[in-house]
$ cat data.cif   # mmCIF, N, CA and C atoms
data_work
loop_
_atom_site.label_atom_id
_atom_site.label_comp_id
_atom_site.auth_asym_id
_atom_site.auth_seq_id
_atom_site.Cartn_x
_atom_site.Cartn_y
_atom_site.Cartn_z
N MET A 1 -33.30 53.88 3.39
CA MET A 1 -32.67 55.09 2.89
C MET A 1 -31.79 54.75 1.69
N ARG A 2 -31.98 55.44 0.61
CA ARG A 2 -31.24 55.16 -0.62
C ARG A 2 -30.11 56.16 -0.77
N ARG A 3 -28.93 55.64 -1.03
CA ARG A 3 -27.76 56.50 -1.24
C ARG A 3 -27.64 56.82 -2.71
N THR A 4 -27.35 58.07 -3.01
CA THR A 4 -27.14 58.44 -4.40
C THR A 4 -25.94 59.36 -4.50
N THR A 5 -25.31 59.34 -5.65
CA THR A 5 -24.22 60.26 -5.92
C THR A 5 -24.75 61.35 -6.84
N ALA A 6 -23.96 62.36 -7.04
CA ALA A 6 -24.38 63.44 -7.94
C ALA A 6 -24.62 62.90 -9.35
N ARG A 7 -23.79 61.96 -9.79
CA ARG A 7 -23.98 61.37 -11.12
C ARG A 7 -25.26 60.55 -11.19
N ALA A 8 -25.58 59.85 -10.11
CA ALA A 8 -26.81 59.06 -10.09
C ALA A 8 -28.02 59.96 -10.23
N GLU A 9 -28.01 61.09 -9.52
CA GLU A 9 -29.12 62.03 -9.60
C GLU A 9 -29.22 62.64 -10.99
N GLU A 10 -28.07 62.94 -11.60
CA GLU A 10 -28.06 63.51 -12.95
C GLU A 10 -28.59 62.50 -13.96
N ALA A 11 -28.17 61.25 -13.83
CA ALA A 11 -28.63 60.21 -14.75
C ALA A 11 -30.12 59.96 -14.59
N ALA A 12 -30.59 60.00 -13.37
CA ALA A 12 -32.01 59.77 -13.12
C ALA A 12 -32.85 60.92 -13.62
N GLY A 13 -32.25 62.10 -13.74
CA GLY A 13 -32.98 63.27 -14.20
C GLY A 13 -33.24 63.28 -15.69
N GLY A 14 -32.71 62.32 -16.41
CA GLY A 14 -32.95 62.21 -17.85
C GLY A 14 -32.24 63.29 -18.65
N ALA A 15 -30.99 63.52 -18.35
CA ALA A 15 -30.21 64.55 -19.04
C ALA A 15 -29.77 64.02 -20.40
N GLY A 16 -30.68 64.00 -21.36
CA GLY A 16 -30.35 63.54 -22.71
C GLY A 16 -30.46 62.04 -22.83
N ASP A 17 -30.02 61.51 -23.98
CA ASP A 17 -30.09 60.08 -24.24
C ASP A 17 -28.95 59.31 -23.59
N ARG A 18 -27.85 59.99 -23.32
CA ARG A 18 -26.68 59.30 -22.78
C ARG A 18 -26.54 59.58 -21.30
N CYS A 19 -26.16 58.54 -20.57
CA CYS A 19 -25.90 58.67 -19.15
C CYS A 19 -24.40 58.53 -18.94
N PRO A 20 -23.86 59.26 -17.97
CA PRO A 20 -22.44 59.09 -17.69
C PRO A 20 -22.18 57.69 -17.14
N LEU A 21 -20.98 57.21 -17.36
CA LEU A 21 -20.60 55.89 -16.85
C LEU A 21 -20.24 56.01 -15.37
N MET A 22 -20.45 54.93 -14.64
CA MET A 22 -20.18 54.89 -13.22
C MET A 22 -18.87 54.14 -12.99
N SER A 23 -18.04 54.65 -12.11
CA SER A 23 -16.80 53.95 -11.76
C SER A 23 -17.11 52.85 -10.75
N ALA A 24 -16.14 51.99 -10.53
CA ALA A 24 -16.30 50.92 -9.55
C ALA A 24 -16.50 51.52 -8.15
N GLU A 25 -15.81 52.60 -7.87
CA GLU A 25 -15.95 53.27 -6.58
C GLU A 25 -17.36 53.82 -6.40
N GLU A 26 -17.89 54.43 -7.45
CA GLU A 26 -19.25 54.97 -7.39
C GLU A 26 -20.28 53.85 -7.24
N LEU A 27 -20.05 52.73 -7.93
CA LEU A 27 -20.96 51.60 -7.82
C LEU A 27 -20.97 51.06 -6.39
N ALA A 28 -19.79 50.91 -5.81
CA ALA A 28 -19.70 50.42 -4.43
C ALA A 28 -20.44 51.35 -3.47
N GLU A 29 -20.25 52.65 -3.65
CA GLU A 29 -20.93 53.62 -2.80
C GLU A 29 -22.44 53.58 -3.01
N PHE A 30 -22.86 53.49 -4.26
CA PHE A 30 -24.29 53.46 -4.60
C PHE A 30 -24.97 52.24 -3.99
N LEU A 31 -24.31 51.07 -4.06
CA LEU A 31 -24.89 49.84 -3.54
C LEU A 31 -24.64 49.63 -2.05
N GLY A 32 -23.74 50.42 -1.48
CA GLY A 32 -23.42 50.28 -0.06
C GLY A 32 -22.63 49.03 0.25
N VAL A 33 -21.74 48.64 -0.67
CA VAL A 33 -20.88 47.48 -0.47
C VAL A 33 -19.43 47.91 -0.55
N PRO A 34 -18.51 47.11 0.02
CA PRO A 34 -17.09 47.46 -0.10
C PRO A 34 -16.62 47.42 -1.56
N LEU A 35 -15.66 48.26 -1.88
CA LEU A 35 -15.11 48.31 -3.24
C LEU A 35 -14.58 46.95 -3.65
N ASN A 36 -13.95 46.23 -2.74
CA ASN A 36 -13.40 44.91 -3.07
C ASN A 36 -14.50 43.95 -3.54
N THR A 37 -15.70 44.09 -2.99
CA THR A 37 -16.82 43.25 -3.40
C THR A 37 -17.13 43.46 -4.88
N VAL A 38 -17.09 44.70 -5.33
CA VAL A 38 -17.35 45.00 -6.74
C VAL A 38 -16.31 44.32 -7.61
N TYR A 39 -15.04 44.38 -7.21
CA TYR A 39 -13.99 43.73 -7.99
C TYR A 39 -14.13 42.21 -7.99
N ILE A 40 -14.53 41.64 -6.86
CA ILE A 40 -14.75 40.19 -6.78
C ILE A 40 -15.91 39.79 -7.69
N TRP A 41 -17.01 40.55 -7.65
CA TRP A 41 -18.14 40.27 -8.54
C TRP A 41 -17.69 40.26 -9.99
N ASN A 42 -16.88 41.24 -10.37
CA ASN A 42 -16.43 41.32 -11.75
C ASN A 42 -15.57 40.10 -12.10
N HIS A 43 -14.69 39.73 -11.21
CA HIS A 43 -13.82 38.57 -11.45
C HIS A 43 -14.63 37.29 -11.61
N ARG A 44 -15.69 37.16 -10.81
CA ARG A 44 -16.53 35.96 -10.84
C ARG A 44 -17.68 36.06 -11.84
N ARG A 45 -17.72 37.16 -12.57
CA ARG A 45 -18.79 37.42 -13.55
C ARG A 45 -20.16 37.43 -12.88
N GLN A 46 -20.20 38.04 -11.72
CA GLN A 46 -21.43 38.28 -10.99
C GLN A 46 -21.65 39.79 -10.96
N GLY A 47 -22.74 40.22 -10.39
CA GLY A 47 -22.98 41.65 -10.28
C GLY A 47 -23.30 42.26 -11.63
N PRO A 48 -23.40 43.59 -11.66
CA PRO A 48 -23.70 44.27 -12.92
C PRO A 48 -22.58 44.08 -13.93
N ARG A 49 -22.93 44.11 -15.20
CA ARG A 49 -21.95 43.95 -16.28
C ARG A 49 -21.00 45.14 -16.30
N ALA A 50 -19.72 44.83 -16.34
CA ALA A 50 -18.67 45.88 -16.35
C ALA A 50 -18.13 46.04 -17.77
N HIS A 51 -17.67 47.25 -18.06
CA HIS A 51 -17.04 47.58 -19.34
C HIS A 51 -15.65 48.10 -19.05
N LYS A 52 -14.67 47.61 -19.81
CA LYS A 52 -13.31 48.10 -19.64
C LYS A 52 -13.12 49.34 -20.50
N VAL A 53 -12.69 50.41 -19.86
CA VAL A 53 -12.33 51.65 -20.55
C VAL A 53 -10.87 51.89 -20.18
N GLY A 54 -10.01 51.53 -21.13
CA GLY A 54 -8.58 51.54 -20.80
C GLY A 54 -8.34 50.47 -19.75
N ARG A 55 -7.79 50.86 -18.62
CA ARG A 55 -7.57 49.89 -17.54
C ARG A 55 -8.61 49.99 -16.45
N TYR A 56 -9.64 50.78 -16.69
CA TYR A 56 -10.65 51.04 -15.67
C TYR A 56 -11.95 50.29 -15.95
N LEU A 57 -12.65 49.90 -14.89
CA LEU A 57 -13.98 49.31 -15.02
C LEU A 57 -15.00 50.43 -14.95
N ARG A 58 -15.96 50.37 -15.85
CA ARG A 58 -17.05 51.35 -15.86
C ARG A 58 -18.37 50.61 -16.00
N TYR A 59 -19.41 51.19 -15.46
CA TYR A 59 -20.73 50.58 -15.44
C TYR A 59 -21.75 51.56 -16.01
N ARG A 60 -22.71 51.03 -16.77
CA ARG A 60 -23.79 51.85 -17.31
C ARG A 60 -24.94 51.83 -16.33
N TRP A 61 -25.50 53.00 -16.06
CA TRP A 61 -26.59 53.11 -15.08
C TRP A 61 -27.78 52.20 -15.40
N PRO A 62 -28.25 52.16 -16.65
CA PRO A 62 -29.41 51.29 -16.92
C PRO A 62 -29.11 49.81 -16.64
N GLU A 63 -27.89 49.37 -16.91
CA GLU A 63 -27.52 47.98 -16.64
C GLU A 63 -27.46 47.71 -15.14
N VAL A 64 -26.97 48.68 -14.38
CA VAL A 64 -26.93 48.53 -12.93
C VAL A 64 -28.35 48.46 -12.37
N GLU A 65 -29.22 49.34 -12.85
CA GLU A 65 -30.61 49.34 -12.39
C GLU A 65 -31.30 48.02 -12.74
N ALA A 66 -31.07 47.50 -13.95
CA ALA A 66 -31.67 46.24 -14.36
C ALA A 66 -31.15 45.09 -13.50
N TRP A 67 -29.86 45.07 -13.22
CA TRP A 67 -29.28 44.03 -12.37
C TRP A 67 -29.87 44.12 -10.97
N LEU A 68 -30.00 45.33 -10.47
CA LEU A 68 -30.55 45.52 -9.13
C LEU A 68 -31.99 45.02 -9.06
N GLU A 69 -32.78 45.29 -10.08
CA GLU A 69 -34.16 44.80 -10.12
C GLU A 69 -34.21 43.27 -10.13
N ALA A 70 -33.24 42.64 -10.77
CA ALA A 70 -33.20 41.18 -10.85
C ALA A 70 -32.82 40.55 -9.51
N GLN A 71 -32.33 41.35 -8.56
CA GLN A 71 -31.91 40.84 -7.27
C GLN A 71 -33.03 40.83 -6.23
N VAL A 72 -34.22 41.19 -6.63
CA VAL A 72 -35.35 41.26 -5.70
C VAL A 72 -35.60 39.88 -5.09
N VAL A 73 -35.79 39.86 -3.78
CA VAL A 73 -36.08 38.62 -3.07
C VAL A 73 -37.57 38.39 -3.10
N ASN A 74 -37.98 37.22 -3.59
CA ASN A 74 -39.39 36.87 -3.67
C ASN A 74 -39.81 36.26 -2.33
N ARG A 75 -40.67 36.97 -1.61
CA ARG A 75 -41.11 36.49 -0.31
C ARG A 75 -42.57 36.06 -0.40
N ALA A 76 -42.78 34.88 -0.93
CA ALA A 76 -44.14 34.35 -1.07
C ALA A 76 -44.68 33.99 0.30
N THR A 77 -45.94 34.34 0.53
CA THR A 77 -46.55 34.04 1.84
C THR A 77 -47.46 32.85 1.75
#
$ encode --input "data.cif" --output "structure tokens"
Amino acid sequence: MRRTTARAEEAAGGAGDRCPLMSAEELAEFLGVPLNTVYIWNHRRQGPRAHKVGRYLRYRWPEVEAWLEAQVVNRAT
């Protein structure tokens, strides 16, 4: 079961060339991980690339999707 937020659905719908930025809270909810994990990833330079907007971390949907695709586990038989 995939969790999505209203912004995720809007971004996936192709509403123009620009997608809204995702907050750290939205990213944690989208990925199903604790918010602290997102902050730890950022500190360790792991996880999706974060952008500072003022004092806030923001994430671009295409970068999150690309990072998520790179996390696929290869189960060779």
$ atom_distance --input "data.cif" --atom1 "CA of Arg58 in chain A" --atom2 "CA of Leu31 in chain A"
14.7 Å
$ residues_around --input "data.cif" --residues "Met22 in chain A" --least-positions-apart "2" --cutoff "7 Å" --atoms "all atoms listed in the file" --output "VMD selection string"
chain A and resid 19 to 20 24 to 27 57 to 61
$ residues_around --input "data.cif" --residues "Glu63 in chain A" --least-positions-apart "6" --cutoff "8 Å" --atoms "only N, CA and C atoms" --output "PDB file with N, CA and C atoms, in the coordinates of the input"
ATOM      1  N   GLY A  47     -22.740  40.220 -10.390  1.00  0.00           N
ATOM      2  CA  GLY A  47     -22.980  41.650 -10.280  1.00  0.00           C
ATOM      3  C   GLY A  47     -23.300  42.260 -11.630  1.00  0.00           C
ATOM      4  N   PRO A  48     -23.400  43.590 -11.660  1.00  0.00           N
ATOM      5  CA  PRO A  48     -23.700  44.270 -12.920  1.00  0.00           C
ATOM      6  C   PRO A  48     -22.580  44.080 -13.930  1.00  0.00           C
ATOM      7  N   ARG A  49     -22.930  44.110 -15.200  1.00  0.00           N
ATOM      8  CA  ARG A  49     -21.950  43.950 -16.280  1.00  0.00           C
ATOM      9  C   ARG A  49     -21.000  45.140 -16.300  1.00  0.00           C
ATOM     10  N   GLU A  69     -32.780  45.290 -10.080  1.00  0.00           N
ATOM     11  CA  GLU A  69     -34.160  44.800 -10.120  1.00  0.00           C
ATOM     12  C   GLU A  69     -34.210  43.270 -10.130  1.00  0.00           C
TER      13      GLU A  69
END
$ atom_distance --input "data.cif" --atom1 "CA of Ala50 in chain A" --atom2 "CA of Asn36 in chain A"
14.3 Å
$ atom_distance --input "data.cif" --atom1 "atom C of Ala66 in chain A" --atom2 "CA of Gln46 in chain A"
12.1 Å
